[in-house]
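File shown: run-v9.cif. Contents: mmCIF, C-alpha atoms.
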```
data_final
loop_
_atom_site.label_atom_id
_atom_site.label_comp_id
_atom_site.auth_asym_id
_atom_site.auth_seq_id
_atom_site.Cartn_x
_atom_site.Cartn_y
_atom_site.Cartn_z
CA MET A 1095 68.02 -5.73 -3.52
CA ASP A 1096 69.02 -3.93 -6.72
CA LEU A 1097 72.21 -2.03 -7.28
CA PHE A 1098 71.88 0.78 -9.84
CA VAL A 1099 74.90 2.79 -10.88
CA GLU A 1100 74.37 5.85 -13.05
CA ASN A 1101 76.92 8.17 -14.62
CA LEU A 1102 79.40 7.35 -11.86
CA THR A 1103 82.86 8.93 -11.78
CA VAL A 1104 85.32 7.50 -9.28
CA THR A 1105 88.60 9.07 -8.23
CA ARG A 1106 91.89 7.85 -6.91
CA GLY A 1107 94.25 10.35 -5.30
CA GLY A 1108 91.94 13.17 -6.42
CA LEU A 1109 92.12 12.24 -10.13
CA PRO A 1110 89.22 10.60 -11.95
CA VAL A 1111 90.06 7.04 -13.03
CA LEU A 1112 86.70 5.85 -14.40
CA GLU A 1113 83.97 8.09 -15.81
CA GLY A 1114 80.36 7.67 -16.85
CA LEU A 1115 79.92 4.17 -15.44
CA GLU A 1116 76.44 2.72 -15.85
CA PHE A 1117 75.34 -0.74 -14.82
CA THR A 1118 72.67 -2.58 -12.90
CA LEU A 1119 73.02 -5.59 -10.66
CA ARG A 1120 69.78 -7.39 -9.79
CA PRO A 1121 69.14 -10.07 -7.16
CA GLY A 1122 70.37 -13.40 -8.44
CA GLY A 1123 72.85 -11.72 -10.76
CA ILE A 1124 76.60 -11.96 -10.94
CA LEU A 1125 78.66 -9.29 -12.65
CA ILE A 1126 82.34 -9.88 -13.37
CA LEU A 1127 84.45 -6.72 -13.51
CA ARG A 1128 87.22 -6.91 -16.05
CA GLY A 1129 89.96 -4.48 -16.94
CA PRO A 1130 93.76 -4.32 -16.96
CA ASN A 1131 95.77 -3.67 -13.79
CA GLY A 1132 95.39 -0.12 -12.59
CA SER A 1133 92.19 0.48 -14.54
CA GLY A 1134 90.26 1.36 -11.37
CA LYS A 1135 88.39 -1.82 -10.46
CA THR A 1136 89.42 -1.61 -6.80
CA THR A 1137 88.60 2.11 -6.71
CA LEU A 1138 85.14 1.37 -8.12
CA LEU A 1139 84.52 -1.35 -5.52
CA ARG A 1140 85.72 0.88 -2.68
CA THR A 1141 83.41 3.65 -3.88
CA LEU A 1142 80.45 1.27 -4.04
CA ALA A 1143 81.32 0.01 -0.55
CA GLY A 1144 81.06 3.58 0.72
CA LEU A 1145 84.71 3.89 1.69
CA GLN A 1146 85.21 6.89 -0.57
CA PRO A 1147 82.76 9.35 -2.11
CA PRO A 1148 82.16 9.42 -5.88
CA LEU A 1149 83.05 12.56 -7.80
CA GLU A 1150 79.85 12.44 -9.84
CA GLY A 1151 76.87 10.22 -10.42
CA SER A 1152 74.66 8.14 -8.22
CA ILE A 1153 74.74 4.74 -6.59
CA SER A 1154 71.37 3.46 -5.49
CA LEU A 1155 71.99 0.93 -2.79
CA GLU A 1156 71.53 0.61 0.91
CA PRO A 1157 74.98 0.70 2.51
CA GLU A 1158 73.62 -1.97 4.87
CA ALA A 1159 73.17 -4.32 1.90
CA ILE A 1160 76.78 -4.83 0.94
CA ALA A 1161 79.55 -7.09 2.15
CA TYR A 1162 82.93 -5.93 0.92
CA GLY A 1163 85.77 -8.38 0.38
CA ALA A 1164 89.03 -6.50 -0.06
CA HIS A 1165 92.55 -7.56 -1.06
CA ALA A 1166 93.43 -7.85 2.61
CA ASP A 1167 91.42 -10.39 4.58
CA GLY A 1168 91.30 -8.47 7.87
CA LEU A 1169 92.44 -11.47 9.90
CA LYS A 1170 94.08 -11.22 13.28
CA ALA A 1171 97.22 -13.32 13.33
CA THR A 1172 97.01 -14.38 16.96
CA LEU A 1173 93.32 -15.29 16.91
CA SER A 1174 92.20 -18.74 15.83
CA VAL A 1175 90.10 -19.34 12.73
CA GLU A 1176 87.02 -19.82 14.90
CA GLU A 1177 87.65 -16.62 16.90
CA ASN A 1178 88.16 -14.61 13.72
CA LEU A 1179 84.90 -15.86 12.23
CA HIS A 1180 82.99 -15.46 15.48
CA PHE A 1181 84.15 -11.87 15.74
CA TRP A 1182 82.80 -10.95 12.31
CA ALA A 1183 79.62 -12.94 12.90
CA SER A 1184 78.87 -10.95 16.06
CA VAL A 1185 79.77 -7.64 14.39
CA TYR A 1186 77.14 -8.44 11.75
CA GLY A 1187 74.79 -9.90 14.35
CA THR A 1188 74.51 -13.36 12.77
CA HIS A 1189 76.34 -15.64 15.27
CA ASP A 1190 76.10 -18.88 13.26
CA ILE A 1191 79.43 -19.69 11.65
CA ALA A 1192 78.77 -23.38 10.85
CA PRO A 1193 77.56 -22.86 7.23
CA ALA A 1194 80.57 -20.69 6.44
CA VAL A 1195 82.96 -23.24 7.95
CA GLU A 1196 81.25 -25.96 5.94
CA ALA A 1197 81.26 -24.03 2.65
CA PHE A 1198 84.97 -23.25 2.74
CA ASN A 1199 86.11 -26.53 4.26
CA LEU A 1200 87.65 -24.95 7.36
CA LYS A 1201 86.53 -27.59 9.82
CA GLY A 1202 89.98 -29.07 10.44
CA LEU A 1203 91.49 -25.61 10.94
CA LEU A 1204 89.08 -24.12 13.47
CA ASN A 1205 91.53 -24.07 16.38
CA ARG A 1206 94.56 -23.06 14.35
CA ALA A 1207 95.86 -19.52 14.87
CA SER A 1208 95.46 -17.67 11.61
CA GLN A 1209 99.18 -16.77 11.58
CA ASN A 1210 99.87 -20.48 11.01
CA LEU A 1211 97.62 -20.77 7.98
CA SER A 1212 98.89 -20.87 4.41
CA ALA A 1213 98.05 -18.00 2.07
CA GLY A 1214 95.27 -20.01 0.43
CA GLN A 1215 93.80 -21.04 3.78
CA LYS A 1216 93.81 -17.41 4.92
CA ARG A 1217 91.99 -16.44 1.76
CA ARG A 1218 89.38 -19.15 2.37
CA LEU A 1219 88.86 -17.78 5.87
CA GLY A 1220 88.58 -14.27 4.45
CA LEU A 1221 85.92 -15.46 2.01
CA ALA A 1222 84.09 -17.39 4.72
CA ARG A 1223 83.63 -14.02 6.42
CA LEU A 1224 81.30 -13.05 3.55
CA LEU A 1225 78.92 -15.84 4.47
CA VAL A 1226 78.69 -14.80 8.12
CA THR A 1227 77.83 -11.21 7.17
CA GLY A 1228 74.43 -12.34 5.90
CA ARG A 1229 74.37 -9.43 3.46
CA PRO A 1230 72.78 -9.70 0.00
CA ILE A 1231 75.29 -7.87 -2.23
CA TRP A 1232 78.89 -9.08 -2.31
CA LEU A 1233 81.57 -6.76 -3.66
CA LEU A 1234 84.69 -8.86 -4.16
CA ASP A 1235 88.14 -7.71 -5.13
CA GLU A 1236 90.26 -10.48 -6.65
CA PRO A 1237 88.73 -13.15 -4.43
CA THR A 1238 90.64 -16.06 -5.98
CA VAL A 1239 94.17 -14.80 -5.34
CA SER A 1240 96.32 -17.62 -3.92
CA LEU A 1241 93.47 -20.16 -4.07
CA ASP A 1242 94.11 -23.57 -5.64
CA VAL A 1243 91.75 -25.11 -8.19
CA ALA A 1244 89.73 -27.00 -5.58
CA SER A 1245 89.29 -23.89 -3.45
CA VAL A 1246 88.26 -21.82 -6.46
CA ALA A 1247 85.56 -24.44 -7.06
CA LEU A 1248 84.46 -24.15 -3.42
CA PHE A 1249 84.28 -20.40 -3.83
CA ALA A 1250 82.32 -20.66 -7.09
CA ASP A 1251 79.86 -23.00 -5.36
CA ALA A 1252 79.48 -20.51 -2.50
CA VAL A 1253 78.77 -17.69 -4.97
CA ARG A 1254 76.23 -19.87 -6.83
CA ALA A 1255 74.49 -20.74 -3.56
CA HIS A 1256 74.48 -17.07 -2.58
CA VAL A 1257 72.84 -15.87 -5.81
CA ALA A 1258 70.44 -18.82 -5.79
CA GLY A 1259 69.28 -17.50 -2.42
CA GLY A 1260 68.48 -14.08 -3.89
CA GLY A 1261 71.84 -12.45 -3.35
CA SER A 1262 74.06 -10.89 -5.96
CA ALA A 1263 77.77 -10.46 -6.49
CA LEU A 1264 80.09 -8.00 -8.21
CA ILE A 1265 83.46 -9.66 -8.66
CA ALA A 1266 86.67 -8.13 -9.95
CA THR A 1267 88.75 -11.02 -11.24
CA HIS A 1268 91.04 -12.09 -14.06
CA ILE A 1269 90.28 -15.79 -14.07
CA ASP A 1270 87.31 -17.74 -15.36
CA MET A 1271 85.47 -19.42 -12.50
CA GLY A 1272 82.81 -21.01 -14.67
CA LEU A 1273 80.05 -18.84 -13.22
CA GLU A 1274 76.94 -17.85 -15.18
CA ALA A 1275 77.76 -14.19 -15.12
CA GLY A 1276 77.53 -10.96 -17.00
CA ILE A 1277 80.84 -9.33 -17.87
CA PHE A 1278 81.43 -5.64 -17.36
CA ASP A 1279 84.63 -4.33 -18.89
CA VAL A 1280 85.72 -1.04 -17.33
CA SER A 1281 88.27 -0.19 -20.05
CA PRO A 1282 85.92 1.98 -22.19
CA PHE A 1283 85.15 4.12 -19.15
CA ARG A 1284 88.74 4.98 -18.28
CA ALA A 1285 89.21 8.68 -17.70
CA ASP A 1286 91.69 10.51 -19.86
CA PRO A 1287 94.33 11.68 -17.39
CA ASN A 1288 95.35 14.55 -19.70
CA GLY A 1289 91.85 15.58 -20.66
CA ALA A 1290 89.99 18.57 -19.32
CA PRO A 1291 88.15 17.90 -16.05
CA LYS A 1292 84.46 17.33 -16.62
CA VAL A 1293 83.50 19.25 -13.52
CA ALA A 1294 84.73 22.83 -13.81
CA THR A 1295 86.26 24.19 -10.64
CA ALA A 1296 85.92 27.79 -9.50
CA PHE A 1297 89.49 28.28 -10.67
CA ASP A 1298 88.61 27.13 -14.19
CA THR A 1299 85.68 29.53 -14.57
CA ASP A 1300 87.51 32.49 -13.04
CA PHE A 1301 90.51 32.16 -15.32
CA GLU A 1302 88.74 31.02 -18.45
CA GLY A 1303 90.51 32.48 -21.48
CA ALA A 1304 93.07 34.30 -19.35
CA PHE A 1305 96.03 32.40 -20.77
CA GLU A 1306 95.21 32.49 -24.45
CA MET B 906 80.52 -3.48 20.01
CA ILE B 907 81.07 -5.94 22.84
CA ALA B 908 82.54 -8.35 20.28
CA LEU B 909 85.04 -5.69 19.26
CA LEU B 910 85.94 -4.98 22.88
CA ILE B 911 86.45 -8.66 23.65
CA ARG B 912 88.51 -9.10 20.49
CA ASP B 913 90.75 -6.15 21.34
CA LEU B 914 91.28 -7.35 24.90
CA ARG B 915 92.02 -10.88 23.67
CA LEU B 916 94.51 -9.55 21.12
CA ALA B 917 96.23 -7.53 23.83
CA MET B 918 96.62 -10.60 26.02
CA ARG B 919 98.03 -12.81 23.24
CA ALA B 920 101.69 -12.88 22.32
CA GLY B 921 102.90 -9.57 20.91
CA GLY B 922 99.73 -7.81 21.98
CA GLY B 923 101.49 -5.22 24.06
CA PHE B 924 99.70 -5.84 27.35
CA GLY B 925 102.13 -5.02 30.14
CA LEU B 926 104.34 -2.92 27.87
CA GLY B 927 103.11 0.33 29.40
CA LEU B 928 103.21 -1.18 32.88
CA ALA B 929 106.82 -2.30 32.47
CA PHE B 930 107.79 1.14 31.17
CA PHE B 931 106.04 2.78 34.14
CA LEU B 932 107.93 0.52 36.56
CA ILE B 933 111.25 1.34 34.87
CA VAL B 934 110.59 5.09 35.20
CA THR B 935 109.71 4.89 38.88
CA VAL B 936 112.70 2.66 39.61
CA LEU B 937 115.14 4.90 37.76
CA VAL B 938 114.03 8.24 39.24
CA PRO B 939 115.48 7.62 42.74
CA PHE B 940 118.81 6.73 41.10
CA GLY B 941 118.68 9.94 39.11
CA VAL B 942 117.64 12.46 41.73
CA GLY B 943 119.31 10.85 44.73
CA PRO B 944 117.88 8.95 47.70
CA GLU B 945 116.79 11.90 49.92
CA SER B 946 113.32 10.80 50.95
CA ALA B 947 111.98 14.34 51.40
CA THR B 948 112.89 15.34 47.84
CA LEU B 949 111.46 12.12 46.43
CA ALA B 950 108.20 12.48 48.33
CA ARG B 951 107.81 16.03 47.05
CA ILE B 952 108.27 15.15 43.37
CA ALA B 953 106.58 11.72 43.52
CA PRO B 954 103.07 12.72 42.29
CA GLY B 955 104.55 14.58 39.33
CA ILE B 956 106.89 11.70 38.45
CA LEU B 957 104.07 9.16 38.66
CA TRP B 958 101.90 11.30 36.39
CA VAL B 959 104.65 11.89 33.82
CA GLY B 960 105.51 8.18 33.89
CA ALA B 961 101.88 7.12 33.42
CA LEU B 962 101.44 9.61 30.57
CA LEU B 963 104.53 8.41 28.71
CA ALA B 964 103.59 4.77 29.29
CA CYS B 965 100.19 5.54 27.80
CA LEU B 966 101.78 7.27 24.80
CA LEU B 967 103.94 4.22 24.12
CA SER B 968 101.09 2.00 22.99
CA LEU B 969 98.89 4.56 21.23
CA ASP B 970 99.93 3.86 17.65
CA ARG B 971 98.74 0.27 18.01
CA ILE B 972 95.11 1.36 18.47
CA PHE B 973 94.33 1.67 14.75
CA GLN B 974 97.58 0.99 12.90
CA LEU B 975 97.47 -2.82 13.17
CA ASP B 976 93.83 -2.90 12.07
CA TYR B 977 94.68 -0.61 9.18
CA GLU B 978 97.59 -2.74 8.02
CA ASP B 979 95.71 -6.04 7.90
CA GLY B 980 92.61 -4.52 6.28
CA THR B 981 90.33 -4.89 9.30
CA LEU B 982 89.66 -1.16 9.44
CA ASP B 983 88.29 -1.14 5.86
CA LEU B 984 86.00 -4.02 6.70
CA LEU B 985 84.92 -2.43 9.99
CA ALA B 986 84.09 0.77 8.10
CA THR B 987 81.67 -1.20 5.90
CA ALA B 988 80.26 -3.15 8.86
CA PRO B 989 77.00 -2.22 10.63
CA LEU B 990 78.97 -0.88 13.59
CA PRO B 991 79.10 2.95 13.51
CA MET B 992 82.70 4.16 13.29
CA GLU B 993 82.13 6.46 16.27
CA GLY B 994 81.19 3.44 18.37
CA ALA B 995 84.17 1.46 17.11
CA VAL B 996 86.50 4.33 18.05
CA ALA B 997 84.98 4.64 21.53
CA VAL B 998 85.24 0.89 22.09
CA LYS B 999 88.85 0.77 20.93
CA ALA B 1000 89.72 3.69 23.24
CA LEU B 1001 87.99 1.83 26.09
CA ALA B 1002 89.99 -1.31 25.28
CA HIS B 1003 93.18 0.76 25.29
CA TRP B 1004 92.27 2.18 28.69
CA LEU B 1005 91.48 -1.26 30.12
CA VAL B 1006 94.81 -2.59 28.86
CA THR B 1007 96.96 0.45 29.69
CA GLY B 1008 95.29 3.14 31.82
CA LEU B 1009 93.61 0.86 34.33
CA PRO B 1010 96.70 -1.27 35.12
CA LEU B 1011 98.72 1.95 35.46
CA THR B 1012 96.15 3.39 37.87
CA LEU B 1013 96.04 0.21 39.95
CA SER B 1014 99.80 -0.13 40.11
CA ALA B 1015 100.59 3.54 40.79
CA PRO B 1016 99.99 3.33 44.57
CA VAL B 1017 102.34 0.33 44.72
CA PHE B 1018 105.05 1.98 42.64
CA ALA B 1019 104.56 5.17 44.73
CA THR B 1020 106.19 3.31 47.62
CA LEU B 1021 109.42 3.28 45.61
CA LEU B 1022 109.28 7.09 45.63
CA ASN B 1023 108.50 7.33 49.35
CA LEU B 1024 105.11 8.96 48.77
CA PRO B 1025 103.23 9.54 52.06
CA GLY B 1026 100.08 7.50 52.78
CA THR B 1027 97.51 10.13 51.78
CA GLY B 1028 99.37 10.60 48.50
CA HIS B 1029 98.72 6.99 47.48
CA ILE B 1030 94.99 7.62 47.50
CA TRP B 1031 95.25 10.88 45.56
CA VAL B 1032 97.58 9.47 42.91
CA PHE B 1033 95.13 6.61 42.45
CA VAL B 1034 92.07 8.90 42.27
CA THR B 1035 93.63 11.43 39.88
CA LEU B 1036 94.93 8.71 37.55
CA LEU B 1037 91.54 7.00 37.62
CA ILE B 1038 89.86 10.21 36.48
CA GLY B 1039 92.63 11.36 34.14
CA THR B 1040 93.75 8.24 32.24
CA PRO B 1041 90.47 7.81 30.29
CA ALA B 1042 91.14 11.23 28.77
CA LEU B 1043 94.67 10.09 27.86
CA SER B 1044 93.29 7.04 26.03
CA MET B 1045 90.56 8.99 24.25
CA ILE B 1046 92.82 11.86 23.15
CA GLY B 1047 95.38 9.26 22.11
CA ALA B 1048 92.80 7.41 20.03
CA PHE B 1049 92.05 10.70 18.27
CA GLY B 1050 95.76 11.25 17.56
CA ALA B 1051 96.07 7.67 16.33
CA ALA B 1052 93.06 8.18 14.05
CA LEU B 1053 94.63 11.29 12.52
CA THR B 1054 97.84 9.45 11.62
CA VAL B 1055 96.39 6.04 10.80
CA GLY B 1056 97.39 5.88 7.15
CA LEU B 1057 100.94 7.08 7.62
CA LYS B 1058 103.91 4.76 7.63
CA ARG B 1059 105.94 5.27 10.80
CA GLY B 1060 103.41 7.85 11.95
CA GLY B 1061 104.35 7.31 15.61
CA LEU B 1062 106.55 10.38 15.90
CA LEU B 1063 104.02 12.67 14.25
CA MET B 1064 101.31 11.24 16.48
CA SER B 1065 103.37 11.91 19.62
CA LEU B 1066 103.90 15.49 18.49
CA LEU B 1067 100.17 15.91 17.88
CA VAL B 1068 99.06 14.26 21.08
CA LEU B 1069 101.54 15.63 23.63
CA PRO B 1070 100.24 19.24 23.59
CA LEU B 1071 96.72 17.88 24.06
CA TYR B 1072 97.93 15.83 27.03
CA ILE B 1073 99.42 18.83 28.83
CA PRO B 1074 96.21 20.18 30.46
CA THR B 1075 95.39 16.73 31.84
CA LEU B 1076 98.95 16.39 33.14
CA ILE B 1077 98.95 19.83 34.79
CA PHE B 1078 95.61 19.40 36.53
CA GLY B 1079 96.22 15.74 37.40
CA ALA B 1080 99.66 16.28 38.92
CA GLU B 1081 98.47 19.46 40.66
CA ALA B 1082 95.47 17.70 42.21
CA ALA B 1083 97.67 14.80 43.34
CA THR B 1084 100.34 17.09 44.82
CA ARG B 1085 97.83 19.28 46.65
CA GLY B 1086 95.97 16.25 47.95
CA THR B 1087 99.21 14.74 49.24
CA GLU B 1088 100.07 17.94 51.10
CA GLY B 1089 96.57 18.15 52.57
CA MET B 1090 95.49 21.23 50.64
CA ALA B 1091 92.16 21.76 48.89
CA ASN B 1092 92.31 20.18 45.40
CA ALA B 1093 88.69 20.24 44.25
CA THR B 1094 89.37 22.81 41.50
CA PRO B 1095 92.10 20.95 39.55
CA LEU B 1096 90.20 17.71 40.10
CA ALA B 1097 87.00 19.18 38.67
CA LEU B 1098 88.85 20.69 35.70
CA MET B 1099 90.53 17.36 34.94
CA ALA B 1100 87.21 15.52 35.21
CA GLY B 1101 85.78 18.11 32.80
CA ILE B 1102 88.56 17.40 30.28
CA THR B 1103 87.88 13.67 30.58
CA ALA B 1104 84.12 14.06 30.15
CA GLY B 1105 84.55 16.44 27.22
CA SER B 1106 87.04 14.14 25.48
CA ILE B 1107 84.80 11.11 25.83
CA ALA B 1108 81.78 13.05 24.56
CA LEU B 1109 83.35 14.77 21.56
CA LEU B 1110 86.48 12.98 20.39
CA PRO B 1111 84.86 9.74 19.11
CA PHE B 1112 83.13 11.85 16.44
CA ALA B 1113 86.31 13.70 15.51
CA ALA B 1114 88.33 10.47 15.44
CA ALA B 1115 85.72 8.66 13.32
CA ALA B 1116 85.74 11.54 10.82
CA ALA B 1117 89.55 11.42 10.69
CA ILE B 1118 89.50 7.67 10.01
CA ARG B 1119 86.95 8.02 7.22
CA VAL B 1120 89.15 10.62 5.54
CA ASN B 1121 92.26 8.48 5.98
CA LEU B 1122 90.60 5.39 4.49
CA ARG B 1123 89.77 7.11 1.21
#
```
Now, as a test, write the supplied structure out as structure tokens.
Amino acid sequence: MDLFVENLTVTRGGLPVLEGLEFTLRPGGILILRGPNGSGKTTLLRTLAGLQPPLEGSISLEPEAIAYGAHADGLKATLSVEENLHFWASVYGTHDIAPAVEAFNLKGLLNRASQNLSAGQKRRLGLARLLVTGRPIWLLDEPTVSLDVASVALFADAVRAHVAGGGSALIATHIDMGLEAGIFDVSPFRADPNGAPKVATAFDTDFEGAFE
Amino acid sequence: MIALLIRDLRLAMRAGGGFGLGLAFFLIVTVLVPFGVGPESATLARIAPGILWVGALLACLLSLDRIFQLDYEDGTLDLLATAPLPMEGAVAVKALAHWLVTGLPLTLSAPVFATLLNLPGTGHIWVFVTLLIGTPALSMIGAFGAALTVGLKRGGLLMSLLVLPLYIPTLIFGAEAATRGTEGMANATPLALMAGITAGSIALLPFAAAAAIRVNLR
């Protein structure tokens, strides 16, 4: 399933942060989002995930095609690893958690309550959730935070397996995971916070020239 | 949807889940009232339906901000919003879970606690029936209030202020139906009005609450 983004403007707190974004993500492709802190990578991913509407432009994508991996893992502290995964598997209607457990080496932790996991183990569980969604397009926001080198390798293997199976991934990250990936730098698309708004409001047209 | 219901019930039962919180509060209210108003059994019996209703309503209010706030804080709500489950369904299921954990235990325990207030025998039945019909509306309206304030830090006070006025019709009709029933008078009208509020809330508020959550997640 393709993801086409055309002339997209995304906003945070009502102000545009990225303007005129254009890119395409095809099945089997990986795109790494780069850009300094605060440049709008998270906002872009949230917009693509359908959590907030874009100001302008179009996103061609079935909302049912994406699996969104946010900063927060969405784990319930008092549920065990297995219960957490089972919950997401049944929400997405997949039910089989064994491949996800295998891929992220969670076997020994299945009965542990997720409040007793380390930060890296929680992250692995959060990433394992992506596998149980069974969705083709992964949108990942800083997936490697608090992972050690071995776990990053596990994650990279999972992404490779996913794209080899016809999926695709859009990953915002600062580290090099050794993936065969295109790089999309958002810096050139940053909106000028002091510039004139590209979309004129009714106020702008009504009062045009009034203050000169 | 069933997975979400089971998860919410399981979370409520685990440590820190808040199951029994409302029930304990309800028990405290009914135990304290006789100390406050004095032990005359006639007075207590007269005010008992009203006290039980106010107690159940406040106990319900106590746990409302947990409905969405915890899921919002740990990121689950974002992930649920991108999941195949429609947000309206998720809201309805979470309100149902809240009712099963709070409203239903309150309803079942009210006839027992009514003994502490010297409520006559017929009153036990009417308190049970009115709470059974009325508490689903309390959970659903509460879920709507919780959805409106989900992104706010310490939004509990604002939510109480929003929700309490919406609770008042249910309280008036519920307590009125219980009181009239206890005294042997006809109570079909307040009962029907309360049932109407419950049915209307369940039919309409999941949509309003889902819209509020979508706005708050932006």
- Item | Selection result of the PyMOL selection byres ((chain A and resi 1115) around 8) on this file, as a PyMOL selection string | chain A and resi 1099-1103+1112-1114+1116-1117+1283
- Item | Residue list for chain B near chain A as number ranges by chain, 6 Å, all atoms listed in the file | B: 908, 979-981, 1123
- Item | Contact residues around region 1059-1075 of chain B with all atoms listed in the file at 8 Å, ignoring same-chain residues under 2 positions, as a list of chain:residue names | B:Leu962, B:Leu966, B:Asp970, B:Gly1039, B:Ala1042, B:Leu1043, B:Ile1046, B:Gly1047, B:Gly1050, B:Ala1051, B:Leu1053, B:Thr1054, B:Val1055, B:Gly1056, B:Leu1057, B:Ile1077, B:Phe1078, B:Gly1079, B:Met1099, B:Ile1102
- Message: I'd like the residues picked by the PyMOL selection byres ((chain A and resi 1234-1239) around 7) written out as a count of residues only, using the chain letters and numbers from the file.
- Response: 14
- Task: Find the distance between CA of Leu1125 (chain A) and CA of Phe1249 (chain A) and write it in Å to one decimal.
- Result: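 Computing it gives 15.3 Å between the two atoms.
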- Give as a list in words the residues that the PyMOL selection byres ((chain A and resi 1226) around 8) matches when applied to the coordinates above.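 Selection result, ordered by chain and number: Leu1179, Trp1182, Ala1183, Tyr1186, Thr1188, His1189, Asp1190, Ile1191, Ala1194, Ala1222, Arg1223, Leu1224, Leu1225, Thr1227 and Gly1228 of chain A.
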- Task: To one decimal in Å, tell me the separation between CA of Leu1211 (chain A) and CA of Glu1196 (chain A).
- Result: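 Going from CA of Leu1211 (chain A) over to CA of Glu1196 (chain A) covers 17.3 Å.
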- Å distance separating CA of Val1175 (chain A) from CA of Leu1204 (chain A), one decimal place: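 About the pair CA of Val1175 (chain A) and CA of Leu1204 (chain A): they are 4.9 Å apart.
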- Compile the contact shell of Phe1098 (chain A) as a list in words: residues with an atom at most 10 Å away, counting only C-alpha atoms, same-chain residues fewer than 4 positions apart removed.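 The residues satisfying every condition are Glu1116, Phe1117, Thr1118, Leu1119, Arg1120, Ser1152, Ile1153, Ser1154 and Leu1155 of chain A.
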- Message: My list of candidates is B:Ile1107, B:Val1034, B:Gly923, B:Val1120. Which is closest to Asn1092 (chain B) when distances are computed with only C-alpha atoms?
- Response: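 Of all the options, B:Val1034 lies closest to Asn1092 (chain B).
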- Give the answer as one residue: which of B:Pro954, B:Lys999, B:Leu1122, B:Ala1019 has the shortest atom-to-atom distance to Ala1083 (chain B), using all atoms listed in the file?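 Using all atoms listed in the file, Ala1083 (chain B) sits closest to B:Pro954.
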